[in-house]
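Report on the following structure.
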Amino acid sequence: MTSYASAGVSIAEGDRAVELMKEWVEKARRPEVVGGIGGFAGLFDASALKSYDKPLLATSADGVGTKVQIAQRMDKHDTIGFDLVGMLVDDLVVCGAEPLFMTDYIACGKVVPERIADIVKGIAQACAESGTALLGGETAEHPGLLSPDEYDIAGSTTGVVEADKLIGADLVRPGDVVIAMASSGLHSNGYSLVRHVFFDKAGWELDREVPELGGTLGEELLTPTKLYTLPCLALADELEVHAMSHITGGGLAANLARVLPDTVSVRFERSSWTPQPIFDLVGSVGGVSQDDLDLALNMGVGMVAIVAPDAADAAVRLLGERGVDAWIAGDVSEAGTHGNGGTVTLV
């Protein structure tokens, strides 16, 4: 007799996955969360917004791209959640918004409860680190579309910022200082290029020991995305911050340009930092030009803040005290000084 289970979908395994993940979801609560997981919708008490004069809600949706293939090949699934959360909540922070809650979506070829629980464990731990509630999510089994060991993850998040504390391009002006914040490595962008270089061109395996990396290739490629959420919120709260940029797909120059007005240009000094070895390795092993590396990868800078001149030293100090390696990396000038308006020049 034909059944849902015989078609490749197990309701029982899905239920067991929910039971296994409950422990971790509970660790990613905020006081405003109403109820627990398992309902049709997550509930969040928004009455705290009454204390805002003009609350602006911010939202973001994203995934982690082909980095999930690294987790699958290594059969290690408890860190990929940090990449998902980082891509979501740190997109909100750049406008000064505090993340409130997020939901996730996991599509897989076969529900393996322990694997799903590991994925959610990472998501929940990252939510707890960033002060974000994991409000709910969905696990979908897609036999025939994905192989039993394949999955993809995505999510969405919502945050809030007081209207008069919104930061962005309209606050940036000549004389401002550019503060760079170190990435933990590749984060979760550029993996189509990275996989092509190491797997297709070089034929390397994930368990290959790479002296330049101080470990295996797989360990490096699976390094979780660094979370900047709470340090950047503190930065915006305590100092005069005019803009921030999350350095993701498109690289440093293109992402920073997104928060610049047409009236200014930015000079970003390459000599101010040394990218981690993985970036040089992608270039040398794959014969990838500097321009293409800059376009696809963060090159060791995961977040950038543009601050008032008299706040620069304090910004570096504040971030360092909160576990973020930061440094002065450039400056803002009138358009035409370093390049056309709204552009970034790496020098």
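If you're wondering about the labels, chains in the structure tokens are A, B, ... by order shown, residues count from 1 in each chain, ligands from 1 in order shown.
Backbone DSSP of segment 28-102 of chain A yields strand (DSSP E or B) at Val33, Val34, Leu43, Phe44, Pro55, Leu56, Leu57, Ala58, Thr59, Ser60, Ala61, Asp62, Gly63, Glu98, Pro99, Leu100, Phe101 and Met102 of chain A.
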| message | Can you pull out the residues contacting Arg29 of chain A? Cut-off 8 Å, using only C-alpha atoms, and skip same-chain residues under 5 positions away; I want them as a list in words. | response |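 The contact residues come out as Ala128, Thr132, Ala133, Leu134 and Leu135 of chain A.
Residues in contact with segment 136-146 of chain A at 6 Å, where only C-alpha atoms are counted and same-chain residues fewer than 3 positions away are skipped, are listed as Gly8, Ile37, Gly42, Thr103, Asp104, Tyr105, Ile106, Ala107, Cys108, Gly109, Lys110 and Glu150 of chain A.
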| said: Set the distance at 6 Å and use only C-alpha atoms: which residues neighbour segment 50-58 of chain A once local chain neighbours fewer than 4 positions away are removed? I'd like the list as a list of chain:residue names. | reply: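 Non-adjacent residues within range: A:Thr158, A:Gly159, A:Val160, A:Val161, A:Glu162, A:Ala163.
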Produce a table with one row for each residue of segment 228-289 of chain A that has an atom at most 8 Å from any atom of segment 67-89 of chain A, each row naming the nearest atom pair and its distance in Å at one decimal; use only C-alpha atoms; arrange rows by chain and rising residue number; format as JSON lines.
```
{"residue": "A:Tyr228", "atom": "CA", "partner": "A:Gly86", "partner_atom": "CA", "distance": 7.9}
{"residue": "A:Thr229", "atom": "CA", "partner": "A:Val89", "partner_atom": "CA", "distance": 6.8}
{"residue": "A:Thr248", "atom": "CA", "partner": "A:Met87", "partner_atom": "CA", "distance": 7.9}
```
| request: Might you pull out every residue within 7 Å of segment 299-314 of chain A, with only C-alpha atoms counted and same-chain residues fewer than 5 positions away left off, and present them as a ChimeraX atom specification? | output: /A:175-183,185,239-247,275-276,279,294
May I have the residues from that selection written out with N, CA and C atoms, as a compact mmCIF listing (two decimals), in the first residue's frame?
```txt
# COMPACT_ATOMS: atom_id res chain seq x y z
N GLY A 175 35.54 64.09 6.04
CA GLY A 175 36.22 64.15 7.32
C GLY A 175 35.93 62.97 8.21
N ASP A 176 34.87 62.23 7.93
CA ASP A 176 34.57 61.03 8.70
C ASP A 176 35.69 60.01 8.55
N VAL A 177 35.75 59.12 9.52
CA VAL A 177 36.79 58.10 9.56
C VAL A 177 36.17 56.72 9.37
N VAL A 178 36.88 55.87 8.62
CA VAL A 178 36.41 54.51 8.32
C VAL A 178 37.06 53.53 9.29
N ILE A 179 36.24 52.78 10.02
CA ILE A 179 36.70 51.77 10.96
C ILE A 179 36.40 50.39 10.39
N ALA A 180 37.43 49.57 10.25
CA ALA A 180 37.27 48.20 9.74
C ALA A 180 37.22 47.22 10.90
N MET A 181 36.41 46.17 10.75
CA MET A 181 36.32 45.11 11.75
C MET A 181 36.67 43.78 11.10
N ALA A 182 37.56 43.05 11.74
CA ALA A 182 38.07 41.82 11.16
C ALA A 182 36.99 40.76 11.01
N SER A 183 37.06 40.02 9.91
CA SER A 183 36.21 38.85 9.73
C SER A 183 36.88 37.65 10.39
N GLY A 185 37.12 34.96 8.71
CA GLY A 185 37.57 34.22 7.53
C GLY A 185 36.66 34.54 6.37
N LEU A 239 28.62 56.14 20.66
CA LEU A 239 29.45 57.07 19.91
C LEU A 239 28.71 57.59 18.69
N GLU A 240 29.30 58.59 18.04
CA GLU A 240 28.68 59.18 16.86
C GLU A 240 29.01 58.36 15.62
N VAL A 241 28.13 57.44 15.31
CA VAL A 241 28.30 56.58 14.14
C VAL A 241 27.37 57.09 13.04
N HIS A 242 27.92 57.26 11.85
CA HIS A 242 27.12 57.80 10.75
C HIS A 242 26.60 56.71 9.81
N ALA A 243 27.35 55.63 9.66
CA ALA A 243 26.91 54.54 8.77
C ALA A 243 27.68 53.28 9.12
N MET A 244 27.12 52.14 8.74
CA MET A 244 27.82 50.87 8.84
C MET A 244 27.51 50.05 7.60
N SER A 245 28.42 49.15 7.28
CA SER A 245 28.24 48.29 6.11
C SER A 245 28.66 46.87 6.45
N HIS A 246 27.78 45.93 6.16
CA HIS A 246 28.06 44.50 6.35
C HIS A 246 28.71 44.00 5.07
N ILE A 247 29.92 43.50 5.18
CA ILE A 247 30.68 43.11 3.98
C ILE A 247 30.34 41.66 3.61
N PRO A 275 45.08 40.42 5.31
CA PRO A 275 44.02 39.40 5.23
C PRO A 275 44.54 38.04 5.72
N GLN A 276 43.64 37.23 6.23
CA GLN A 276 44.02 35.89 6.67
C GLN A 276 44.55 35.08 5.49
N PHE A 279 42.69 33.90 2.05
CA PHE A 279 42.42 34.77 0.91
C PHE A 279 43.56 34.72 -0.12
N ASP A 294 38.63 40.72 -4.67
CA ASP A 294 37.95 41.84 -4.03
C ASP A 294 36.45 41.81 -4.29
```
| Restricting the calculation to only C-alpha atoms, which member of A:Pro113, A:Gly65, A:Pro174, A:Pro99 is positioned closest to Gly336 of chain A? |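 Among the listed residues, A:Pro174 lies closest to Gly336 of chain A.
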| task | Rank nothing, just name the residue among A:Gly330, A:Gly203, A:Pro224, A:Gly63 nearest to Leu186 of chain A, using only C-alpha atoms. | result | A:Pro224
| message | What's around Ser271 of chain A at 12 Å? Count only C-alpha atoms, leave out sequence neighbours fewer than 3 positions away in its own chain, and write the answer as a VMD selection string. | response | chain A and resid 267 to 268 274 to 275 327 to 330 346 to 347
| query | Where in segment 133-264 of chain A does DSSP assign helix (DSSP H, G or I), given as an MDAnalysis selection string? | reply | chainID A and resid 163:165 169:171 191:201 211:213 217:221 229:238 251:257
| remark: One residue among A:Ser272, A:Val197, A:Ser192, A:Ala257 is nearest to Val288 of chain A when using only C-alpha atoms, and that residue is A:Val197
| What does the distance between atom CA of Gly341 of chain A and atom CA of His187 of chain A come to in Å, to one decimal place? |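 Separating atom CA of Gly341 of chain A from atom CA of His187 of chain A is a distance of 29.0 Å.
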| task | Would you mind reading off the distance between atom CA of Glu98 of chain A and atom CA of Ala326 of chain A, one decimal, in Å? | result | 21.0 Å
